[in-house]
file data.txt (compact mmCIF, C-alpha atoms)
# COMPACT_ATOMS: atom_id res chain seq x y z
CA MET A 1 -49.81 -57.72 -29.74
CA ARG A 2 -49.82 -57.81 -25.92
CA HIS A 3 -46.29 -59.18 -25.94
CA LEU A 4 -45.20 -56.33 -28.11
CA GLU A 5 -46.80 -53.83 -25.72
CA ALA A 6 -45.12 -55.46 -22.72
CA ALA A 7 -41.75 -55.37 -24.47
CA ALA A 8 -42.26 -51.70 -25.40
CA LEU A 9 -43.22 -50.81 -21.81
CA GLY A 10 -40.15 -52.71 -20.54
CA LEU A 11 -37.95 -50.75 -22.92
CA VAL A 12 -39.41 -47.42 -21.72
CA PHE A 13 -38.79 -48.51 -18.13
CA ALA A 14 -35.19 -49.53 -18.90
CA VAL A 15 -34.40 -46.29 -20.72
CA ALA A 16 -35.89 -44.21 -17.88
CA THR A 17 -33.91 -46.18 -15.27
CA VAL A 18 -30.61 -45.74 -17.12
CA TYR A 19 -31.31 -42.04 -17.57
CA MET A 20 -32.07 -41.49 -13.89
CA ALA A 21 -29.06 -43.53 -12.80
CA SER A 22 -26.73 -41.53 -15.04
CA LEU A 23 -28.22 -38.28 -13.73
CA THR A 24 -27.65 -39.40 -10.14
CA ALA A 25 -24.08 -40.46 -10.92
CA ARG A 26 -23.24 -37.13 -12.47
CA GLN A 27 -24.77 -35.16 -9.63
CA ILE A 28 -22.52 -36.72 -6.97
CA SER A 29 -21.08 -33.92 -4.91
CA PRO A 30 -17.51 -33.35 -6.16
CA VAL A 31 -15.90 -33.89 -2.76
CA HIS A 32 -12.64 -34.85 -4.43
CA HIS A 33 -12.19 -31.25 -5.64
CA GLY A 34 -12.00 -30.02 -2.06
CA THR A 35 -9.85 -32.96 -0.99
CA ALA A 36 -7.27 -32.33 -3.71
CA GLN A 37 -7.15 -28.61 -3.09
CA ARG A 38 -6.80 -28.84 0.69
CA ALA A 39 -4.26 -31.65 0.57
CA LEU A 40 -2.12 -29.66 -1.84
CA ALA A 41 -2.44 -26.49 0.26
CA TRP A 42 -1.43 -28.38 3.41
CA ALA A 43 1.58 -29.93 1.67
CA LEU A 44 2.62 -26.56 0.22
CA LEU A 45 2.54 -24.92 3.65
CA ASN A 46 4.57 -27.68 5.27
CA ALA A 47 7.16 -28.63 2.65
CA ARG A 48 10.71 -27.26 2.71
CA ASN A 49 11.63 -28.49 -0.77
CA VAL A 50 10.05 -30.14 -3.79
CA ASP A 51 10.95 -33.65 -2.72
CA GLU A 52 9.27 -33.10 0.62
CA LEU A 53 6.24 -31.61 -1.13
CA VAL A 54 5.89 -34.75 -3.25
CA GLN A 55 6.32 -36.93 -0.16
CA LEU A 56 3.66 -35.01 1.79
CA ILE A 57 1.21 -35.19 -1.12
CA GLN A 58 1.70 -38.94 -1.42
CA GLN A 59 1.34 -39.30 2.34
CA GLY A 60 -1.79 -37.13 2.45
CA LEU A 61 -3.68 -38.51 -0.53
CA GLY A 62 -2.44 -42.09 -0.60
CA GLU A 63 -4.41 -44.32 -2.94
CA HIS A 64 -6.71 -41.45 -4.05
CA LEU A 65 -3.82 -39.96 -6.00
CA ALA A 66 -4.44 -40.86 -9.65
CA ALA A 67 -1.40 -39.08 -11.08
CA LEU A 68 1.44 -36.88 -9.89
CA TYR A 69 3.60 -34.74 -12.18
CA VAL A 70 6.68 -32.71 -11.26
CA ASP A 71 7.66 -30.08 -13.83
CA GLY A 72 5.54 -31.86 -16.44
CA GLN A 73 7.02 -35.30 -15.86
CA LEU A 74 4.84 -38.10 -14.56
CA LYS A 75 6.24 -39.30 -11.22
CA SER A 76 3.55 -41.74 -10.16
CA GLY A 77 0.15 -43.11 -11.18
CA GLY A 78 -1.40 -42.14 -14.49
CA GLU A 79 -3.42 -45.30 -15.09
CA GLY A 80 -6.44 -44.39 -12.98
CA LEU A 81 -7.25 -41.11 -14.73
CA SER A 82 -10.85 -40.77 -15.89
CA GLU A 83 -13.34 -38.11 -16.94
CA LEU A 84 -14.17 -37.55 -13.28
CA SER A 85 -10.53 -36.94 -12.30
CA VAL A 86 -9.68 -33.44 -11.20
CA CYS A 87 -6.24 -31.88 -11.35
CA TYR A 88 -4.65 -29.08 -9.34
CA ALA A 89 -1.16 -27.68 -9.53
CA ALA A 90 1.07 -26.07 -6.93
CA VAL A 91 4.06 -23.87 -7.64
CA PHE A 92 6.98 -24.35 -5.27
CA PHE A 93 9.80 -21.83 -5.45
CA GLU A 94 13.11 -23.48 -4.66
CA LEU A 95 16.08 -21.12 -4.79
CA GLU A 96 13.94 -18.69 -6.81
CA THR A 97 13.17 -21.35 -9.43
CA PRO A 98 9.48 -22.24 -9.72
CA HIS A 99 8.68 -25.96 -9.80
CA VAL A 100 5.20 -27.06 -10.81
CA VAL A 101 3.77 -30.06 -8.98
CA LYS A 102 0.48 -31.23 -10.46
CA ILE A 103 -1.79 -33.81 -8.91
CA CYS A 104 -4.91 -35.50 -10.24
CA ILE A 105 -7.34 -37.36 -8.03
CA THR A 106 -10.34 -39.49 -8.80
CA PRO A 107 -13.46 -39.82 -6.60
CA MET B 1 -58.10 -49.33 -33.55
CA ARG B 2 -57.67 -49.13 -29.77
CA HIS B 3 -54.51 -51.23 -30.02
CA LYS B 4 -53.14 -48.96 -32.70
CA GLY B 5 -53.70 -45.96 -30.41
CA GLN B 6 -51.90 -47.70 -27.54
CA LEU B 7 -49.00 -48.59 -29.77
CA ALA B 8 -48.73 -45.02 -31.03
CA LEU B 9 -48.69 -43.75 -27.44
CA ILE B 10 -46.00 -46.24 -26.41
CA ALA B 11 -43.98 -45.42 -29.52
CA THR B 12 -44.14 -41.73 -28.61
CA LEU B 13 -43.04 -42.50 -25.05
CA ILE B 14 -40.11 -44.61 -26.31
CA LEU B 15 -39.04 -41.87 -28.68
CA ALA B 16 -39.23 -39.24 -25.93
CA ALA B 17 -37.32 -41.39 -23.44
CA THR B 18 -34.67 -42.27 -26.03
CA LEU B 19 -34.17 -38.63 -26.98
CA ILE B 20 -33.82 -37.60 -23.31
CA ALA B 21 -31.38 -40.44 -22.72
CA LEU B 22 -29.34 -39.45 -25.78
CA THR B 23 -29.18 -35.87 -24.50
CA SER B 24 -27.89 -37.10 -21.14
CA LEU B 25 -25.07 -38.97 -22.88
CA ARG B 26 -23.66 -35.68 -24.14
CA THR B 27 -21.70 -34.98 -20.93
CA PRO B 28 -20.67 -31.40 -20.41
CA HIS B 29 -16.99 -30.66 -19.79
CA PRO B 30 -16.89 -27.49 -17.76
CA TYR B 31 -13.47 -26.01 -17.07
CA VAL B 32 -13.06 -24.43 -13.67
CA ALA B 33 -10.91 -21.43 -14.37
CA TYR B 34 -10.94 -19.78 -10.96
CA GLU B 35 -11.60 -21.26 -7.57
CA ARG B 36 -11.69 -19.75 -4.12
CA GLY B 37 -9.95 -21.92 -1.61
CA HIS B 38 -7.12 -23.01 0.58
CA LEU B 39 -4.69 -23.53 -2.28
CA GLN B 40 -4.50 -19.90 -3.41
CA ALA B 41 -4.02 -18.75 0.19
CA ALA B 42 -1.25 -21.34 0.68
CA HIS B 43 0.44 -20.16 -2.53
CA LEU B 44 0.48 -16.57 -1.31
CA ILE B 45 1.92 -17.54 2.07
CA HIS B 46 4.54 -19.60 0.28
CA ILE B 47 5.65 -16.69 -1.93
CA ALA B 48 5.74 -14.37 1.08
CA ARG B 49 8.13 -16.83 2.75
CA VAL B 50 10.19 -17.04 -0.44
CA CYS B 51 10.41 -13.26 -0.63
CA PHE B 52 11.44 -12.90 3.02
CA SER B 53 14.14 -15.54 2.62
CA ARG B 54 16.38 -12.67 1.48
CA THR B 55 15.98 -8.92 1.16
CA CYS B 56 12.38 -8.53 0.14
CA ASP B 57 10.87 -5.39 -1.27
CA CYS B 58 7.48 -4.60 -2.79
CA ASN B 59 8.73 -5.01 -6.36
CA ARG B 60 10.13 -8.48 -5.73
CA LEU B 61 6.91 -9.51 -4.02
CA GLN B 62 4.88 -8.30 -6.99
CA GLN B 63 7.26 -10.10 -9.34
CA LEU B 64 6.62 -13.38 -7.53
CA VAL B 65 2.86 -12.80 -7.80
CA VAL B 66 3.23 -12.13 -11.53
CA THR B 67 5.23 -15.36 -11.96
CA LEU B 68 2.46 -17.25 -10.18
CA GLN B 69 -0.19 -15.65 -12.40
CA ALA B 70 1.78 -16.52 -15.52
CA ILE B 71 1.99 -20.19 -14.49
CA ASN B 72 -1.74 -20.03 -13.66
CA GLY B 73 -2.37 -19.50 -17.37
CA SER B 74 -1.01 -22.91 -18.32
CA GLU B 75 -1.35 -25.02 -15.16
CA PRO B 76 -4.48 -25.65 -13.05
CA LEU B 77 -3.65 -23.39 -10.08
CA ARG B 78 -7.17 -21.98 -10.57
CA MET B 79 -6.11 -18.70 -8.99
CA TYR B 80 -8.16 -15.55 -9.09
CA PRO B 81 -6.22 -12.43 -10.09
CA THR B 82 -4.10 -11.31 -7.15
CA PHE B 83 -2.21 -8.19 -6.18
CA SER B 84 0.28 -7.76 -3.38
CA LEU B 85 0.28 -4.76 -1.15
CA CYS B 86 3.13 -3.88 1.17
CA THR B 87 1.69 -2.48 4.37
CA GLU B 88 4.83 -0.33 4.67
CA SER B 89 7.05 1.00 1.90
CA ASN B 90 9.57 -1.55 3.16
CA PRO B 91 7.96 -4.88 4.08
CA MET B 92 10.96 -5.76 6.32
CA ASN B 93 10.74 -3.19 9.06
CA SER B 94 12.87 -3.00 12.24
CA THR B 95 12.13 -0.71 15.17
CA PHE B 96 14.79 -0.15 17.84
CA ARG B 97 14.11 1.00 21.39
CA SER B 98 16.38 2.94 23.70
CA ASP B 99 17.13 -0.13 25.86
CA GLY B 100 18.67 -1.88 22.84
CA SER B 101 15.73 -4.22 22.26
CA TYR B 102 14.03 -4.26 18.90
CA THR B 103 11.11 -5.56 16.91
CA THR B 104 11.38 -6.67 13.31
CA GLU B 105 8.18 -7.10 11.41
CA TYR B 106 7.65 -8.57 7.96
CA ALA B 107 4.17 -7.84 6.71
CA VAL B 108 2.39 -8.20 3.43
CA LYS B 109 -1.22 -8.12 2.38
CA PHE B 110 -2.42 -9.85 -0.77
CA THR B 111 -5.66 -8.85 -2.44
CA ILE B 112 -7.52 -11.55 -4.33
CA GLN B 113 -10.00 -10.18 -6.84
CA THR B 114 -12.85 -12.71 -6.82
CA LEU B 115 -16.12 -12.47 -8.72
CA SER B 116 -17.90 -11.40 -5.54
CA GLY B 117 -15.35 -8.81 -4.45
CA ALA B 118 -11.93 -8.56 -2.84
CA GLU B 119 -10.58 -11.05 -0.33
CA TYR B 120 -7.37 -10.67 1.63
CA VAL B 121 -4.50 -12.88 2.69
CA ASN B 122 -2.19 -11.43 5.32
CA PHE B 123 1.24 -12.75 6.20
CA GLN B 124 3.15 -11.41 9.17
CA ALA B 125 6.41 -12.54 10.72
CA LEU B 126 7.32 -10.95 14.02
CA ILE B 127 10.75 -11.05 15.65
CA GLN B 128 10.96 -9.44 19.08
CA SER B 129 14.09 -9.27 21.20
CA LEU B 130 13.13 -9.69 24.83
CA GLY B 131 16.50 -8.58 26.19
CA VAL B 132 20.15 -9.50 26.33
CA ASP B 133 21.20 -12.22 28.79
CA GLY B 134 24.94 -11.52 28.92
CA THR B 135 27.90 -12.87 27.00
CA TYR B 136 29.97 -16.05 27.14
CA VAL B 137 32.87 -17.62 25.34
CA LYS B 138 32.48 -20.61 23.03
CA THR B 139 35.27 -22.64 21.48
CA VAL B 140 34.62 -23.83 17.94
CA THR B 141 36.60 -25.44 15.16
CA LEU B 142 36.68 -23.37 11.97
CA GLY B 143 38.50 -25.34 9.30
CA ASP B 144 41.76 -26.48 10.92
CA ALA B 145 41.82 -23.76 13.56
CA VAL B 146 40.26 -23.86 16.99
CA VAL B 147 38.96 -20.42 17.90
CA SER B 148 37.23 -18.84 20.84
CA LEU B 149 34.16 -16.83 19.99
CA ARG B 150 32.61 -14.17 22.15
CA MET B 151 28.90 -14.93 22.14
CA LEU B 152 25.95 -12.71 22.98
CA ARG B 153 22.97 -14.38 24.57
CA VAL B 154 19.65 -12.87 23.44
CA ARG B 155 16.07 -13.84 24.22
CA LEU B 156 13.93 -13.80 21.09
CA LYS B 157 10.27 -14.25 20.36
CA TYR B 158 9.52 -15.38 16.82
CA SER B 159 6.17 -16.17 15.27
CA ASN B 160 4.39 -16.21 11.91
CA SER B 161 0.72 -15.30 11.50
CA PHE B 162 -1.51 -16.01 8.53
CA LYS B 163 -4.96 -14.53 8.07
CA THR B 164 -6.94 -15.83 5.11
CA PRO B 165 -10.65 -16.25 4.32
CA PHE B 166 -10.13 -20.01 4.76
CA PHE B 167 -7.78 -20.42 7.70
CA ASN B 168 -6.12 -18.28 10.34
CA ALA B 169 -3.06 -19.48 12.18
CA THR B 170 -0.16 -18.36 14.29
CA VAL B 171 2.77 -20.75 14.15
CA CYS B 172 6.13 -20.90 15.87
CA PRO B 173 8.64 -21.96 13.21
CA ARG B 174 11.91 -23.58 14.22
CA ILE B 175 14.96 -21.29 14.14
CA GLU B 176 18.13 -22.58 12.46
CA ASP B 177 21.61 -21.23 11.92
CA PRO B 178 22.96 -21.71 8.38
CA GLU B 179 26.53 -21.13 9.70
CA LYS B 180 26.08 -23.64 12.55
CA LEU B 181 27.77 -21.32 15.04
CA ALA B 182 24.83 -20.12 17.12
CA ASP B 183 23.44 -21.85 20.17
CA LEU B 184 19.68 -22.17 19.93
CA THR B 185 17.46 -23.23 22.83
CA LEU B 186 13.68 -23.28 22.72
CA LEU B 187 12.40 -21.92 26.05
CA ALA B 188 8.66 -21.88 25.38
CA PRO B 189 6.45 -21.89 22.29
CA CYS B 190 7.81 -19.13 20.01
CA GLU B 191 10.41 -18.11 22.63
CA TRP B 192 14.10 -18.77 22.07
CA LEU B 193 17.37 -18.20 23.87
CA VAL B 194 19.95 -17.66 21.15
CA GLY B 195 23.69 -17.30 21.53
CA VAL B 196 25.24 -15.56 18.52
CA PRO B 197 28.88 -14.66 17.79
CA LEU B 198 29.61 -11.02 18.52
CA ASP B 199 32.69 -10.40 16.43
CA ILE B 200 31.93 -12.26 13.20
CA SER B 201 29.08 -10.49 11.56
CA GLY B 202 29.20 -6.78 12.32
CA ALA B 203 25.94 -5.23 13.45
CA LYS B 204 23.76 -8.27 12.96
CA TYR B 205 23.93 -12.04 12.83
CA VAL B 206 21.50 -13.72 10.47
CA LEU B 207 19.54 -16.78 11.48
CA LYS B 208 16.83 -18.40 9.38
CA ASP B 209 13.63 -20.18 10.20
CA GLU B 210 12.79 -23.64 8.91
CA TRP B 211 11.20 -22.12 5.77
CA GLY B 212 14.24 -19.98 5.05
CA VAL B 213 12.83 -16.67 6.35
CA VAL B 214 15.63 -14.38 7.50
CA ILE B 215 15.80 -13.62 11.24
CA PRO B 216 18.28 -10.85 12.01
CA VAL B 217 19.78 -10.78 15.49
CA PHE B 218 21.13 -7.29 16.05
CA VAL B 219 24.33 -7.53 18.09
CA GLY B 220 25.92 -4.17 17.48
CA GLY B 221 23.55 -2.16 19.66
CA ASN B 222 22.14 -0.85 16.31
call {"tool": "encode", "arguments": {"input": "data.txt", "output": "structure tokens"}}
result
Amino acid sequence: MRHLEAAALGLVFAVATVYMASLTARQISPVHHGTAQRALAWALLNARNVDELVQLIQQGLGEHLAALYVDGQLKSGGEGLSELSVCYAAVFFELETPHVVKICITP
Amino acid sequence: MRHKGQLALIATLILAATLIALTSLRTPHPYVAYERGHLQAAHLIHIARVCFSRTCDCNRLQQLVVTLQAINGSEPLRMYPTFSLCTESNPMNSTFRSDGSYTTEYAVKFTIQTLSGAEYVNFQALIQSLGVDGTYVKTVTLGDAVVSLRMLRVRLKYSNSFKTPFFNATVCPRIEDPEKLADLTLLAPCEWLVGVPLDISGAKYVLKDEWGVVIPVFVGGN
């Protein structure tokens, strides 16, 4: 009987630990939101054309860049996307034509 | 009996902990529709530059904002609703003085309607002529012909200012000549000595900045 009690207590402890760990993980401050937004804003202000915009984004975000799409087409990444990834898009007008550059980054 | 009571208590605890844990597994998926931040301000500065890259009026500015809002519906720009407001009826405004110098100002104010009230993004480009520095002759090759051009040397001050809730900046963009005829020398930050052809372009010669914004150099004494 004592063994059964010990096992039951262990199970309660394990469940509580997992629950608290998952809570902590989900409450991590979403710093990557701000990073993605600011990096994209900086690139948008400095780029003279879409190619340069893409180049500046890649330069600014480096390995944090999980995926990059230009006008809906995947240009780089794509494998590292997860539930925690966050995506932002920028519209770059080139000769009056809007081009959509979307980036996704993962914490 | 005591053991049975303990077991019941532990069983209750296990059930409670399991139910809480199961609840935590149901992760919420919130969608951030609108977001205050640098990106929206950068977008508005970008469309102001696009508009001023040719003749820009209030309607065209508003049209660009509407295009941006339409794309916002399908792509994660996360923009709050925005309106553009021309500070003058014509956002490209030139003022001439009696000594022949002039000031050209491009100004636009965007209003972002956030949940906590209005926020503003201002874009201003300022072109000031600081005086004429005489004329000179320049020999250039146009196609197969070698021609001499009479050039007017003008001192210009050119700057862009952005005021947003997130960043304020005054920058000195590089001036370029799409026709490759002008002589451009940077004297100091934002201050240029430009030599433009007098006889080619009528009353004004058009330069552009590195973002494509039009910089008129008035050569015809307005």
call {"tool": "closest_residue", "arguments": {"input": "data.txt", "among": "B:Leu77, B:Cys56, B:Leu19, B:Val196", "to": "chain A", "atoms": "only C-alpha atoms"}}
result
B:Leu77
call {"tool": "residues_around", "arguments": {"input": "data.txt", "residues": "Tyr19 of chain A", "least_positions_apart": "5", "cutoff": "9 Å", "atoms": "only C-alpha atoms", "output": "PyMOL selection string"}}
result
(chain A and resi 14+24) or (chain B and resi 17+20-22+24-25)
call {"tool": "atom_distance", "arguments": {"input": "data.txt", "atom1": "atom CA of Val154 of chain B", "atom2": "atom CA of Glu105 of chain B"}}
result
17.6 Å
call {"tool": "interface_residues", "arguments": {"input": "data.txt", "of": "chain A", "to": "chain B", "cutoff": "7 Å", "atoms": "only C-alpha atoms", "output": "list in words"}}
result
Glu5, Ala8, Val12, Val15, Ala16, Tyr19, Gln37, Arg38, Leu40, Ala41, Leu44, Leu45, Arg48, Cys87, Tyr88, Ala89, Ala90 and Phe93 of chain A
call {"tool": "atom_distance", "arguments": {"input": "data.txt", "atom1": "atom CA of Cys86 of chain B", "atom2": "atom CA of Phe110 of chain B"}}
result
8.4 Å
call {"tool": "closest_atom_pairs", "arguments": {"input": "data.txt", "of": "segment 13-81 of chain B", "to": "segment 91-97 of chain B", "cutoff": "9 Å", "atoms": "all atoms listed in the file", "output": "tab-separated table"}}
result
residue	atom	partner	partner_atom	distance
B:Phe52	CA	B:Met92	CA	7.9
B:Thr55	CA	B:Met92	CA	7.9
B:Cys56	CA	B:Met92	CA	6.9
B:Asp57	CA	B:Pro91	CA	6.1
B:Cys58	CA	B:Pro91	CA	6.9
call {"tool": "atom_distance", "arguments": {"input": "data.txt", "atom1": "atom CA of Tyr120 of chain B", "atom2": "atom CA of Leu61 of chain B"}}
result
15.4 Å
call {"tool": "closest_residue", "arguments": {"input": "data.txt", "among": "B:Val206, B:Val217, B:Leu156, B:Val140", "to": "Leu181 of chain B", "atoms": "all atoms listed in the file"}}
result
B:Val140
call {"tool": "closest_atom_pairs", "arguments": {"input": "data.txt", "of": "segment 53-158 of chain B", "to": "segment 163-168 of chain B", "cutoff": "10 Å", "atoms": "all atoms listed in the file", "output": "tab-separated table"}}
result
residue	atom	partner	partner_atom	distance
B:Lys109	CA	B:Lys163	CA	9.4
B:Phe110	CA	B:Thr164	CA	9.5
B:Glu119	CA	B:Pro165	CA	7.0
B:Tyr120	CA	B:Thr164	CA	6.2
B:Val121	CA	B:Thr164	CA	4.5
B:Asn122	CA	B:Lys163	CA	5.0
B:Phe123	CA	B:Lys163	CA	6.7
B:Gln124	CA	B:Lys163	CA	8.8
call {"tool": "residues_near_point", "arguments": {"input": "data.txt", "point": "(23.8, -14.5, 21.9)", "cutoff": "10 Å", "atoms": "all atoms listed in the file", "output": "PyMOL selection string"}}
result
chain B and resi 132-136+150-156+182-184+193-198+205+217-219
call {"tool": "closest_residue", "arguments": {"input": "data.txt", "among": "B:Cys172, B:Pro216, B:Ser74, B:Pro189", "to": "Ser129 of chain B", "atoms": "all atoms listed in the file"}}
result
B:Pro216
call {"tool": "closest_residue", "arguments": {"input": "data.txt", "among": "A:Ala47, A:Val91, A:Leu84, A:Ile103", "to": "Val31 of chain A", "atoms": "only C-alpha atoms"}}
result
A:Leu84
call {"tool": "residues_near_point", "arguments": {"input": "data.txt", "point": "(11.1, -34.5, -4.7)", "cutoff": "12 Å", "atoms": "all atoms listed in the file", "output": "list in words"}}
result
Ala47, Arg48, Asn49, Val50, Asp51, Glu52, Leu53, Val54, Gln55, Leu56, Ile57, Gln58, Leu68, Tyr69, Val70, Asp71, Gln73, Lys75, Ser76, Phe92, Glu94, His99, Val100 and Val101 of chain A
call {"tool": "residues_around", "arguments": {"input": "data.txt", "residues": "Thr35 of chain A", "least_positions_apart": "4", "cutoff": "10 Å", "atoms": "only C-alpha atoms", "output": "ChimeraX atom specification"}}
result
/A:30-31,39-41,60-61,64,105,107
call {"tool": "decode", "arguments": {"input": "data.txt", "residues": "segment 7-89 of chain A", "atoms": "C-alpha atoms", "output": "mmCIF file, in the first residue's frame"}}
result
data_model
loop_
_atom_site.group_PDB
_atom_site.id
_atom_site.type_symbol
_atom_site.label_atom_id
_atom_site.label_comp_id
_atom_site.auth_asym_id
_atom_site.auth_seq_id
_atom_site.Cartn_x
_atom_site.Cartn_y
_atom_site.Cartn_z
ATOM 1 C CA ALA A 7 3.928 6.155 -6.706
ATOM 2 C CA ALA A 8 0.753 8.263 -6.568
ATOM 3 C CA LEU A 9 2.602 11.131 -4.841
ATOM 4 C CA GLY A 10 5.378 10.891 -7.455
ATOM 5 C CA LEU A 11 2.803 11.109 -10.224
ATOM 6 C CA VAL A 12 1.212 14.215 -8.655
ATOM 7 C CA PHE A 13 4.662 15.782 -8.385
ATOM 8 C CA ALA A 14 5.492 14.951 -12.017
ATOM 9 C CA VAL A 15 2.201 16.328 -13.339
ATOM 10 C CA ALA A 16 2.616 19.545 -11.321
ATOM 11 C CA THR A 17 6.209 19.973 -12.556
ATOM 12 C CA VAL A 18 5.232 19.525 -16.206
ATOM 13 C CA TYR A 19 2.341 21.943 -15.778
ATOM 14 C CA MET A 20 4.519 24.635 -14.212
ATOM 15 C CA ALA A 21 7.254 24.159 -16.801
ATOM 16 C CA SER A 22 4.776 24.520 -19.664
ATOM 17 C CA LEU A 23 3.311 27.635 -18.044
ATOM 18 C CA THR A 24 6.779 29.164 -17.727
ATOM 19 C CA ALA A 25 7.620 28.301 -21.331
ATOM 20 C CA ARG A 26 4.470 29.923 -22.641
ATOM 21 C CA GLN A 27 4.959 33.051 -20.577
ATOM 22 C CA ILE A 28 8.365 33.866 -22.079
ATOM 23 C CA SER A 29 8.327 37.475 -23.117
ATOM 24 C CA PRO A 30 7.763 37.544 -26.899
ATOM 25 C CA VAL A 31 10.914 39.522 -27.656
ATOM 26 C CA HIS A 32 10.981 38.114 -31.173
ATOM 27 C CA HIS A 33 7.829 40.114 -32.033
ATOM 28 C CA GLY A 34 9.681 43.369 -31.440
ATOM 29 C CA THR A 35 12.817 42.100 -33.161
ATOM 30 C CA ALA A 36 10.938 41.140 -36.322
ATOM 31 C CA GLN A 37 8.980 44.365 -36.446
ATOM 32 C CA ARG A 38 11.959 46.670 -35.898
ATOM 33 C CA ALA A 39 14.215 44.775 -38.288
ATOM 34 C CA LEU A 40 11.586 44.995 -41.005
ATOM 35 C CA ALA A 41 10.989 48.698 -40.333
ATOM 36 C CA TRP A 42 14.720 49.420 -40.511
ATOM 37 C CA ALA A 43 15.068 47.502 -43.779
ATOM 38 C CA LEU A 44 12.016 49.240 -45.260
ATOM 39 C CA LEU A 45 13.431 52.678 -44.454
ATOM 40 C CA ASN A 46 16.829 51.881 -45.940
ATOM 41 C CA ALA A 47 16.053 49.794 -49.022
ATOM 42 C CA ARG A 48 15.914 51.301 -52.511
ATOM 43 C CA ASN A 49 14.368 48.251 -54.167
ATOM 44 C CA VAL A 50 12.917 44.863 -53.263
ATOM 45 C CA ASP A 51 16.185 43.010 -53.749
ATOM 46 C CA GLU A 52 17.920 45.373 -51.370
ATOM 47 C CA LEU A 53 15.063 44.996 -48.885
ATOM 48 C CA VAL A 54 15.500 41.217 -48.912
ATOM 49 C CA GLN A 55 19.259 41.612 -48.530
ATOM 50 C CA LEU A 56 18.898 43.997 -45.570
ATOM 51 C CA ILE A 57 16.398 41.688 -43.851
ATOM 52 C CA GLN A 58 18.731 38.715 -44.248
ATOM 53 C CA GLN A 59 21.633 40.816 -43.011
ATOM 54 C CA GLY A 60 19.665 42.149 -40.029
ATOM 55 C CA LEU A 61 18.013 38.961 -38.826
ATOM 56 C CA GLY A 62 20.561 36.357 -39.912
ATOM 57 C CA GLU A 63 19.908 32.927 -38.450
ATOM 58 C CA HIS A 64 16.763 34.094 -36.587
ATOM 59 C CA LEU A 65 14.946 34.324 -39.906
ATOM 60 C CA ALA A 66 12.750 31.216 -40.110
ATOM 61 C CA ALA A 67 11.154 32.019 -43.467
ATOM 62 C CA LEU A 68 11.150 34.791 -46.043
ATOM 63 C CA TYR A 69 8.519 35.200 -48.754
ATOM 64 C CA VAL A 70 8.481 37.704 -51.618
ATOM 65 C CA ASP A 71 5.083 38.157 -53.273
ATOM 66 C CA GLY A 72 3.911 34.874 -51.743
ATOM 67 C CA GLN A 73 6.885 32.826 -52.908
ATOM 68 C CA LEU A 74 9.223 31.279 -50.384
ATOM 69 C CA LYS A 75 12.722 32.693 -50.919
ATOM 70 C CA SER A 76 14.556 31.208 -47.961
ATOM 71 C CA GLY A 77 14.025 29.092 -44.838
ATOM 72 C CA GLY A 78 10.665 27.509 -44.130
ATOM 73 C CA GLU A 79 11.885 24.493 -42.190
ATOM 74 C CA GLY A 80 12.227 26.163 -38.799
ATOM 75 C CA LEU A 81 8.638 27.419 -38.547
ATOM 76 C CA SER A 82 6.850 26.491 -35.330
ATOM 77 C CA GLU A 83 3.844 27.524 -33.261
ATOM 78 C CA LEU A 84 5.982 30.192 -31.628
ATOM 79 C CA SER A 85 7.031 31.731 -34.958
ATOM 80 C CA VAL A 86 5.713 35.187 -35.670
ATOM 81 C CA CYS A 87 5.277 36.692 -39.116
ATOM 82 C CA TYR A 88 5.232 40.296 -40.300
ATOM 83 C CA ALA A 89 4.879 41.654 -43.800
#
